[in-house]
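One structure below.
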Amino acid sequence: MTKSLVIVESPAKARTIAGFLGDGYVVESSIGHIRDLPKSADDVPPALKKVPWAKLGVDVENDFKPLYVVDADKKQHIQRLKQLLKDADELYLATDEDREGESIAWHLYEVLQPKVPVRRMVFHEITRKAIQQALSSPREIDRRLVEAQEARRILDRLFGYEVSPVLWKKILPKLSAGRVQSVATRVLVERERERMRFVTAKYWDLDALIAKKDGSTFDAGLVSVGRARVASGKDFGEDGRLTKSDVVLLDEAQAKALADGLRGQPMTVRSVERKPYKRSPSAPFMTSTLQQEAGRKLRFSTSRTMKAAQRLYENGYITYMRTDSTTLSEAALTAARRLIEEMYGREYVPSAPRTYANKVKNAQEAHEAIRPAGDTWKTPEDVSREVGPDEAKVYELVWKRTVASQMQDVRGESIVVKIAGKARDGRDVEFSVSGNTIQFAGFYRAYVEGSDDPEAELESREKHLPELVEGESLVARELKANGHETQPPARYTEASLVRRLEELGVGRPSTYASTLSTIQDRGYVFKKGTALYPSWTAFAVVSLLEKHFPELVDYAFTARMEDDLDEIANGAQNAVPWLRRFYFGEAANEGPNGAGGDNGLKTMVSENLGEIDARAVNSIPIGVDPNGVEIVARVGRYGPYLQRGEDTVSIPEELAPDELTVEKSLALLTAPSGDREVGKDPETGLTVFVKAGRFGTYVQLGEATKDGEKPKTASLFSSMKAETLTLEQALKLLSLPRTVGNDPADGVAITAQNGRYGPYVQKGTESRSLESEDQIFTVTTEQALALLAQPKTRGPRRAAATGPLKELGVDPVSQKPIVLREGRFGPYVSDGDTVASLRKGDTIDGITPERAQELLAERRERGPSTKSKRGRGGAKAKAAASEKPAAEKKAPAKKAAKKASTKKPAAKKASAKKSDEGDGAEAEDSRPAKKRSPDVTAEP
DNA sequence: CAGTGAGCGAGCTTCCGCTTGACTT
């Protein structure tokens with residue numbers, strides 16, 4: 001008997017299929033992709049580390065040849081697959097039938113190097129019949145489809161890894177750009193821009209309480225006055241003006257006057273219009289619609305929904321949860337129809353199963369819709385006893401949606417009643433009221449299933465009106481004028497953003513949740529409740545991309561890419577020229593060796609980098625103040641801030657971009673700063689302030705005077721808080737430095753104070769750190785002298801910096817001893833000339849002399865890059881500064897001082913925590929905020 | 001972003017799509 005190895009993508013799927021296949025088959029999973037481009041240089045094999053494209057993992061000069069590496073945590077699994085293959089007579093690659101699945105099959109083939117016959121099999125539903133059929137009709141791996149996947153992968157890598165560094169240089173380090181995330185961010189930014197542009201309009205209308213002859217009453221709304229329709233929200237544009245001319249806009253006075261003129265007036269039923277209506281159920285869930293529904297109904301985030309769905313899938317309650325298909329298998333249709341007939345009766349079963357056309361662009365449909373698994377479906381009540389609360393809720397959504405999707409339409413009747421009247425001033429008015437009744441509940445039955453009182457639930461979906469006949473006489477008993485304001489378009493939620501991305505064809509079922517995490521992790525988006533707010537960083541990034549990479553953030557970019565990938569998959573075009581056009585420009589394929597392109601990605605991220613004005617892209621215009629001075633929001637290294645001329649102020653974190661109007665900006669800029677008065681110094685009579693500064697909170701004695709004399713300041717101790725600081729504490733701080741005493745030997749004074757590196761004692765030019773801030777006040781002359789008597793290297797900092805942790809023999813190149821030290825940036829090895837940091841995977845204990853030599857050799861290989869780089873960076877920065885003298889002229893002294901100070905180690909160290917400067921010489925780094933909101937504390 | 005003292009050198013960040021555990025609390 002032959003043994004066959006079958007490899008699918010998911011372990012849960014493998015278990016299910018194994019049950020169908022029996023003894024002759026071993027079913028395993030690949031657990032997704034098995035190889036990928038290297039994530040960073042660390043993943044590149046040593047032999048290739050030096051090639052210029054090592055970081056990209058794509059040899060752009062050589063037909064974009066990709067370098068594939070097996071992920072570290074996949075290596076063991078590959079070994080296992082190889083082992084299983086040894087005992088097999090044939091191999092079935094049964095990965096999903098889509099672009100990615102085909103690629104996984106090919107990578108498996110390449111990595112496993114099977115010596116036995118290999119067959120590719122595909123199936124769309126996991127039933128015994130479908131699997132058997134797939135086994136008996138295998139095919140070959142579709143190389144073109146694999147090429148299309150490879151092209152997609154390479155394009156995404158080039159986009160992500162070439163454009164992200166542009167953001168590091170021009171905006172902030174560690175930012176990212178990508179085909180999917182950048183469009184997602186742009187969608188949010190554009191919506192916020194709409195909200196910022198939006199002008200609210202006010203309009204009024206009337207509600208009438210109308211009485212029948214028999215005394216019963218009902219409410220109706222005003223629809224027209226003097227034959228003209230009354231304006232409502234939808235009649236206004238975003239500028240707050242009416243978009244139509246044939247409507248009547250009521251203001252408060254007019255509405256109230258009209259209400260007065262109608263009170264007690266006779267009215268007549270002008271028309272009663274009854275119309276049958278029907279509602280059809282929605283399609284079964286796919287990933288995006290499940291995420292939307294769970295977001296709307298359960299307020300779940302996409303990742304919470306997916307975690308619950310994953311558990312339901314793994315435990316056999318639902319089918320695969322990452323799908324873009326709304327198709328139900330034959331088995332599912334049968335199960336649904338039988339269930340509906342049994343639970344609700346034959347009249348709820350449509351004559352033929354419903355099918356739903358897939359509206360998703362680029363749908364790959366490798367799986368079926370998300371539905372209860374199996375041939376008979378457990379009820380939500382049964383499942384809720386077996387799983388956790390989240391899972392139970394998600395299962396209930398899936399069950400109801402799936403069952404409803406195969407039920408009959410809801411049928412009912414809608415009624416619209418128009419009521420005519422005349423105001424006392426003679427104007428004709430018309431009111432309207434509508435209702436609806438359900439005649440046949442259809443699929444609503446499934447949705448009310450499980451509620452305490454299904455009939456009452458159904459009834460709540462109806463709106464009953466009193467019996468009204470044409471010509472009937474009524475009285476307007478009460479009238480109320482209601483004021484309304486138009487609302488800007490709502491912010492996106494996770495659910496609605498997923499829907500928008502899906503409309504654009506951007507992203508895949510497996511990535512919606514992670515894309516949302518990414519844009520939040522990067523600080524592009526933050527959530528308040530369920531609403532997604534774009535940050536100022538997002539504004540800066542999006543405006544940079546729109547201006548300099550418009551093609552890449554075009555909403556149709558992915559759609560066009562998909563069209564091209566389809567052509568690559570069906571042989572109508574080839575991947576290499578396609579990638580060449582993208583990377584080297586349109587003309588790339590015409591010139592020899594692909595040279596000559598001028599509008600490609602590569603040019604834009606290299607030669608043309610200088611065109612991107614960091615200052616400009618980081619400035620988001622807000623408006624002008626009454627004097628015509630421009631106000632801009634800017635993204636700086638220490639957070640977003642507002643700038644008007646020389647005035648700057650931090651933008652409070654919780655403030656949404658669209659709330660930062662000109663008025664609000666002026667309020668922030670002119671508001672009393674976050675400074676607090678602690679009290680008055682009894683000696684000088686000067687006011688003592690607490691302020692937030694670059695290096696944290698500090699106290700200040702008096703205010704800065706015009707004659708350039710600076711007030712005395714002192715940092716707060718870490719144990720103190722700005723809000724609770726007392727005058728006593730403040731004065732104590734301001735009394736520093738404290739004279740500890742005199743050295744009896746030479747009479748020189750010893751002082752104790754706080755400094756850049758913390759508390760210390762000082763005598764003349766000698767200083768030593770203290771261990772705690774409190775010691776500034778408690779240290780005695782003897783203790784201070786003892787400290788000062790110790791050599792400098794004895795301090796805790798210095799000990800770590802200078803004491804070699806390990807000696808690692810003599811370097812064969814330099815013939816000098818190698819030592820391992822712990823430094824500011826972590827452990828490193830050095831032979832005195834060359835210094836090399838330990839890399840990922842290296843440990844202090846595990847380092848060998850050989851490894852140390854290797855590290856040093858690698859470091860030498862790269863040359864004295866540090867210094868030369870710095871030289872270039874510095875020169876560039878200077879050149880850039882001199883290029884824009886106009887911008888600098890306003891506050892030359894201040895800016896120059898600041899620039900100089902950022903170059904000082906102290907400033908660098910202070911900023912390193914939040915964001916390393918890297919070689920981002922051009923990035924916005926001046927942050928001259930004078931004022932700060934009290935609740936924002938500076939980074940240490 | 002206040003202004004106060006020491007010293008030793010970087011290397012990395014990032015994409016999109018497939019898929020699960022491995023770890024803790």
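Just remember, in the structure tokens the first chain shown is A, the second B, etc., residues are 1-based per chain, and ligands are 1-based in the order shown.
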
Distance-based interface of chain B with chain A, 8 Å, counting only C-alpha atoms (C1' of nucleotides), as a list in words = DC1, DA2, DT4, DG5, DA6, DC8, DG9, DA10, DT13, DT14, DC15, DC16, DG17, DC18, DT19 and DT20 of chain B

Generate a file of the selected residues that holds C-alpha atoms (C1' of nucleotides), formatted as a JSON list (two decimals), in the first residue's frame.
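Result written to selection35.json:
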```json
[["chain", "number", "residue", "atom", "x", "y", "z"],
["B", 1, "DC", "C1'", 11.56, 73.70, 25.64],
["B", 2, "DA", "C1'", 15.72, 75.65, 31.89],
["B", 4, "DT", "C1'", 24.70, 72.22, 35.58],
["B", 5, "DG", "C1'", 29.65, 67.79, 35.36],
["B", 6, "DA", "C1'", 32.22, 63.19, 33.97],
["B", 8, "DC", "C1'", 33.11, 55.48, 24.91],
["B", 9, "DG", "C1'", 31.29, 53.30, 20.35],
["B", 10, "DA", "C1'", 26.01, 52.36, 17.02],
["B", 13, "DT", "C1'", 13.93, 50.93, 12.62],
["B", 14, "DT", "C1'", 10.38, 49.31, 7.87],
["B", 15, "DC", "C1'", 6.63, 46.01, 3.95],
["B", 16, "DC", "C1'", 2.24, 42.32, 2.87],
["B", 17, "DG", "C1'", 0.29, 37.65, 3.43],
["B", 18, "DC", "C1'", 0.05, 32.89, 4.77],
["B", 19, "DT", "C1'", -0.38, 30.45, 9.49],
["B", 20, "DT", "C1'", 0.14, 28.80, 14.96]]
```

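If you count only C-alpha atoms (C1' of nucleotides) and ignore residues fewer than 3 places along the chain from segment 574-576 of chain A, what sits within 10 Å of it is Val60, Asn62, Asp63, Phe64, Lys65, Arg144, Glu147, Ala148, Gln149, Glu150, Ala151, Arg152, Ile154, Asp564, Leu565, Glu567, Ile568, Ala569, Asn570, Gly571, Leu579, Arg580, Arg581, Phe582 and Asn589 of chain A.
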
Quick one: DSSP alpha helix (DSSP H) residues in segment 75-299 of chain A, as an NGL selection string?
-> :A and (75-86 or 99-112 or 128-136 or 143-170 or 181-197 or 252-262 or 287-293)

A straight line from atom CA of Arg337 of chain A to atom CA of Thr402 of chain A spans 10.7 Å

What is the atom CA of Gly610 of chain A to atom CA of Trp53 of chain A distance in Å?
-> 22.2 Å

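Take atom CA of Leu397 of chain A and atom CA of Phe285 of chain A: the distance between them is 9.1 Å.
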
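Proximity to Val383 of chain A was assessed for A:Leu67, A:Leu733, A:Ala752, A:Ile318 counting only C-alpha atoms; the smallest distance is recorded for A:Ile318.
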
Near segment 242-257 of chain A, counting only C-alpha atoms (C1' of nucleotides), which residues have an atom at most 8 Å away, once you skip same-chain residues fewer than 4 positions from it, shown as a PDB file with all heavy atoms, in the first residue's frame?
```pdb
ATOM      1  N   LYS A 202     -27.248  75.348  10.564  1.00  0.00           N
ATOM      2  CA  LYS A 202     -28.388  75.152  11.458  1.00  0.00           C
ATOM      3  C   LYS A 202     -29.674  75.193  10.645  1.00  0.00           C
ATOM      4  O   LYS A 202     -29.787  75.969   9.691  1.00  0.00           O
ATOM      5  CB  LYS A 202     -28.427  76.280  12.499  1.00  0.00           C
ATOM      6  CG  LYS A 202     -27.314  76.207  13.518  1.00  0.00           C
ATOM      7  CD  LYS A 202     -27.621  77.170  14.651  1.00  0.00           C
ATOM      8  CE  LYS A 202     -26.724  76.934  15.843  1.00  0.00           C
ATOM      9  NZ  LYS A 202     -25.369  77.482  15.648  1.00  0.00           N
ATOM     10  N   TYR A 203     -30.602  74.365  11.006  1.00  0.00           N
ATOM     11  CA  TYR A 203     -31.919  74.432  10.367  1.00  0.00           C
ATOM     12  C   TYR A 203     -32.964  73.995  11.379  1.00  0.00           C
ATOM     13  O   TYR A 203     -32.662  73.323  12.357  1.00  0.00           O
ATOM     14  CB  TYR A 203     -31.957  73.565   9.109  1.00  0.00           C
ATOM     15  CG  TYR A 203     -31.701  72.094   9.357  1.00  0.00           C
ATOM     16  CD1 TYR A 203     -32.766  71.202   9.557  1.00  0.00           C
ATOM     17  CD2 TYR A 203     -30.404  71.590   9.380  1.00  0.00           C
ATOM     18  CE1 TYR A 203     -32.529  69.857   9.783  1.00  0.00           C
ATOM     19  CE2 TYR A 203     -30.167  70.246   9.610  1.00  0.00           C
ATOM     20  CZ  TYR A 203     -31.226  69.385   9.823  1.00  0.00           C
ATOM     21  OH  TYR A 203     -30.998  68.069  10.058  1.00  0.00           O
ATOM     22  N   TRP A 204     -34.167  74.402  11.115  1.00  0.00           N
ATOM     23  CA  TRP A 204     -35.255  74.116  12.049  1.00  0.00           C
ATOM     24  C   TRP A 204     -36.392  73.417  11.325  1.00  0.00           C
ATOM     25  O   TRP A 204     -36.580  73.586  10.114  1.00  0.00           O
ATOM     26  CB  TRP A 204     -35.778  75.421  12.676  1.00  0.00           C
ATOM     27  CG  TRP A 204     -34.826  75.975  13.700  1.00  0.00           C
ATOM     28  CD1 TRP A 204     -33.625  76.558  13.441  1.00  0.00           C
ATOM     29  CD2 TRP A 204     -34.996  75.964  15.117  1.00  0.00           C
ATOM     30  NE1 TRP A 204     -33.013  76.901  14.615  1.00  0.00           N
ATOM     31  CE2 TRP A 204     -33.835  76.563  15.662  1.00  0.00           C
ATOM     32  CE3 TRP A 204     -35.997  75.522  15.991  1.00  0.00           C
ATOM     33  CZ2 TRP A 204     -33.663  76.716  17.036  1.00  0.00           C
ATOM     34  CZ3 TRP A 204     -35.825  75.689  17.348  1.00  0.00           C
ATOM     35  CH2 TRP A 204     -34.669  76.274  17.869  1.00  0.00           C
ATOM     36  N   ASP A 205     -37.125  72.615  12.061  1.00  0.00           N
ATOM     37  CA  ASP A 205     -38.363  72.052  11.510  1.00  0.00           C
ATOM     38  C   ASP A 205     -39.391  71.916  12.636  1.00  0.00           C
ATOM     39  O   ASP A 205     -39.126  72.342  13.764  1.00  0.00           O
ATOM     40  CB  ASP A 205     -38.100  70.723  10.797  1.00  0.00           C
ATOM     41  CG  ASP A 205     -37.511  69.680  11.726  1.00  0.00           C
ATOM     42  OD1 ASP A 205     -37.550  69.863  12.961  1.00  0.00           O
ATOM     43  OD2 ASP A 205     -37.002  68.660  11.231  1.00  0.00           O
ATOM     44  N   LEU A 206     -40.532  71.365  12.283  1.00  0.00           N
ATOM     45  CA  LEU A 206     -41.622  71.271  13.258  1.00  0.00           C
ATOM     46  C   LEU A 206     -42.067  69.838  13.457  1.00  0.00           C
ATOM     47  O   LEU A 206     -42.076  69.054  12.511  1.00  0.00           O
ATOM     48  CB  LEU A 206     -42.856  72.060  12.778  1.00  0.00           C
ATOM     49  CG  LEU A 206     -42.722  73.555  12.510  1.00  0.00           C
ATOM     50  CD1 LEU A 206     -44.070  74.118  12.094  1.00  0.00           C
ATOM     51  CD2 LEU A 206     -42.191  74.275  13.732  1.00  0.00           C
ATOM     52  N   SER A 224     -43.270  70.391   4.082  1.00  0.00           N
ATOM     53  CA  SER A 224     -43.186  71.532   3.164  1.00  0.00           C
ATOM     54  C   SER A 224     -43.997  72.722   3.667  1.00  0.00           C
ATOM     55  O   SER A 224     -44.931  72.566   4.443  1.00  0.00           O
ATOM     56  CB  SER A 224     -43.630  71.122   1.759  1.00  0.00           C
ATOM     57  OG  SER A 224     -45.005  70.801   1.751  1.00  0.00           O
ATOM     58  N   VAL A 225     -43.573  73.870   3.221  1.00  0.00           N
ATOM     59  CA  VAL A 225     -44.256  75.128   3.541  1.00  0.00           C
ATOM     60  C   VAL A 225     -44.457  75.867   2.230  1.00  0.00           C
ATOM     61  O   VAL A 225     -43.473  76.085   1.498  1.00  0.00           O
ATOM     62  CB  VAL A 225     -43.407  75.997   4.495  1.00  0.00           C
ATOM     63  CG1 VAL A 225     -44.110  77.340   4.745  1.00  0.00           C
ATOM     64  CG2 VAL A 225     -43.157  75.280   5.802  1.00  0.00           C
ATOM     65  N   ALA A 228     -42.953  74.428  -0.997  1.00  0.00           N
ATOM     66  CA  ALA A 228     -41.506  74.179  -1.070  1.00  0.00           C
ATOM     67  C   ALA A 228     -41.092  73.254   0.074  1.00  0.00           C
ATOM     68  O   ALA A 228     -41.544  73.415   1.203  1.00  0.00           O
ATOM     69  CB  ALA A 228     -40.722  75.481  -0.979  1.00  0.00           C
ATOM     70  N   ARG A 229     -40.255  72.320  -0.240  1.00  0.00           N
ATOM     71  CA  ARG A 229     -39.820  71.355   0.756  1.00  0.00           C
ATOM     72  C   ARG A 229     -38.964  72.049   1.815  1.00  0.00           C
ATOM     73  O   ARG A 229     -38.166  72.942   1.514  1.00  0.00           O
ATOM     74  CB  ARG A 229     -39.000  70.253   0.074  1.00  0.00           C
ATOM     75  CG  ARG A 229     -38.748  69.037   0.936  1.00  0.00           C
ATOM     76  CD  ARG A 229     -38.263  67.868   0.096  1.00  0.00           C
ATOM     77  NE  ARG A 229     -37.067  68.192  -0.676  1.00  0.00           N
ATOM     78  CZ  ARG A 229     -35.851  68.269  -0.136  1.00  0.00           C
ATOM     79  NH1 ARG A 229     -35.678  68.054   1.148  1.00  0.00           N
ATOM     80  NH2 ARG A 229     -34.808  68.568  -0.884  1.00  0.00           N
ATOM     81  N   VAL A 230     -39.144  71.646   3.046  1.00  0.00           N
ATOM     82  CA  VAL A 230     -38.363  72.211   4.142  1.00  0.00           C
ATOM     83  C   VAL A 230     -36.968  71.581   4.135  1.00  0.00           C
ATOM     84  O   VAL A 230     -36.833  70.359   4.051  1.00  0.00           O
ATOM     85  CB  VAL A 230     -39.062  71.954   5.490  1.00  0.00           C
ATOM     86  CG1 VAL A 230     -38.197  72.433   6.653  1.00  0.00           C
ATOM     87  CG2 VAL A 230     -40.409  72.655   5.535  1.00  0.00           C
ATOM     88  N   ALA A 231     -35.958  72.426   4.205  1.00  0.00           N
ATOM     89  CA  ALA A 231     -34.577  71.925   4.132  1.00  0.00           C
ATOM     90  C   ALA A 231     -34.228  71.059   5.343  1.00  0.00           C
ATOM     91  O   ALA A 231     -34.629  71.361   6.470  1.00  0.00           O
ATOM     92  CB  ALA A 231     -33.598  73.096   4.053  1.00  0.00           C
ATOM     93  N   ASP A 235     -29.565  68.532   2.669  1.00  0.00           N
ATOM     94  CA  ASP A 235     -29.589  69.586   1.656  1.00  0.00           C
ATOM     95  C   ASP A 235     -28.420  70.547   1.770  1.00  0.00           C
ATOM     96  O   ASP A 235     -28.339  71.528   1.036  1.00  0.00           O
ATOM     97  CB  ASP A 235     -30.904  70.381   1.771  1.00  0.00           C
ATOM     98  CG  ASP A 235     -32.113  69.486   1.537  1.00  0.00           C
ATOM     99  OD1 ASP A 235     -32.047  68.651   0.614  1.00  0.00           O
ATOM    100  OD2 ASP A 235     -33.103  69.611   2.280  1.00  0.00           O
ATOM    101  N   PHE A 236     -27.489  70.271   2.698  1.00  0.00           N
ATOM    102  CA  PHE A 236     -26.362  71.178   2.895  1.00  0.00           C
ATOM    103  C   PHE A 236     -25.062  70.543   2.422  1.00  0.00           C
ATOM    104  O   PHE A 236     -24.866  69.335   2.544  1.00  0.00           O
ATOM    105  CB  PHE A 236     -26.206  71.520   4.383  1.00  0.00           C
ATOM    106  CG  PHE A 236     -27.362  72.317   4.935  1.00  0.00           C
ATOM    107  CD1 PHE A 236     -28.457  71.666   5.485  1.00  0.00           C
ATOM    108  CD2 PHE A 236     -27.350  73.704   4.889  1.00  0.00           C
ATOM    109  CE1 PHE A 236     -29.533  72.393   5.990  1.00  0.00           C
ATOM    110  CE2 PHE A 236     -28.418  74.433   5.395  1.00  0.00           C
ATOM    111  CZ  PHE A 236     -29.515  73.785   5.950  1.00  0.00           C
ATOM    112  N   GLY A 237     -24.209  71.375   1.870  1.00  0.00           N
ATOM    113  CA  GLY A 237     -22.878  70.909   1.496  1.00  0.00           C
ATOM    114  C   GLY A 237     -21.950  71.024   2.694  1.00  0.00           C
ATOM    115  O   GLY A 237     -22.340  71.513   3.750  1.00  0.00           O
ATOM    116  N   GLY A 261     -48.523  79.795  14.449  1.00  0.00           N
ATOM    117  CA  GLY A 261     -49.591  79.995  13.471  1.00  0.00           C
ATOM    118  C   GLY A 261     -50.349  78.728  13.143  1.00  0.00           C
ATOM    119  O   GLY A 261     -51.380  78.769  12.459  1.00  0.00           O
ATOM    120  N   LYS A 480     -44.232  71.824  17.903  1.00  0.00           N
ATOM    121  CA  LYS A 480     -42.946  72.084  18.542  1.00  0.00           C
ATOM    122  C   LYS A 480     -41.905  72.378  17.465  1.00  0.00           C
ATOM    123  O   LYS A 480     -41.801  71.635  16.477  1.00  0.00           O
ATOM    124  CB  LYS A 480     -42.514  70.831  19.330  1.00  0.00           C
ATOM    125  CG  LYS A 480     -41.680  71.166  20.555  1.00  0.00           C
ATOM    126  CD  LYS A 480     -41.415  69.910  21.364  1.00  0.00           C
ATOM    127  CE  LYS A 480     -40.018  69.417  21.112  1.00  0.00           C
ATOM    128  NZ  LYS A 480     -39.812  68.017  21.329  1.00  0.00           N
ATOM    129  N   ALA A 481     -41.201  73.472  17.637  1.00  0.00           N
ATOM    130  CA  ALA A 481     -40.112  73.796  16.708  1.00  0.00           C
ATOM    131  C   ALA A 481     -38.838  73.125  17.198  1.00  0.00           C
ATOM    132  O   ALA A 481     -38.497  73.204  18.366  1.00  0.00           O
ATOM    133  CB  ALA A 481     -39.911  75.311  16.639  1.00  0.00           C
ATOM    134  N   ASN A 482     -38.142  72.444  16.292  1.00  0.00           N
ATOM    135  CA  ASN A 482     -36.904  71.738  16.659  1.00  0.00           C
ATOM    136  C   ASN A 482     -35.716  72.286  15.876  1.00  0.00           C
ATOM    137  O   ASN A 482     -35.768  72.391  14.655  1.00  0.00           O
ATOM    138  CB  ASN A 482     -37.024  70.247  16.353  1.00  0.00           C
ATOM    139  CG  ASN A 482     -38.083  69.580  17.204  1.00  0.00           C
ATOM    140  OD1 ASN A 482     -38.142  69.778  18.415  1.00  0.00           O
ATOM    141  ND2 ASN A 482     -38.960  68.823  16.554  1.00  0.00           N
ATOM    142  N   GLY A 483     -34.673  72.621  16.615  1.00  0.00           N
ATOM    143  CA  GLY A 483     -33.462  73.077  15.949  1.00  0.00           C
ATOM    144  C   GLY A 483     -32.517  71.910  15.687  1.00  0.00           C
ATOM    145  O   GLY A 483     -32.431  70.978  16.483  1.00  0.00           O
TER     146      GLY A 483
END
```

Exercise: Arg424 of chain A partners within 10 Å, only C-alpha atoms (C1' of nucleotides), chain neighbours under 6 positions left out, as a ChimeraX atom specification | /A:258,260-265

Mind checking DSSP for segment 649-807 of chain A and telling me the strand (DSSP E or B) residues as a PyMOL selection string?
-> chain A and resi 649-650+676-680+687-693+696-701+712-715+738-742+749-755+758-763+766-769+806-807

What lies within 9 Å of segment 408-413 of chain A using only C-alpha atoms (C1' of nucleotides), ignoring chain neighbours under 2 positions off, as a PyMOL selection string?
-> chain A and resi 274-281+347-351+404-406+415+435-444
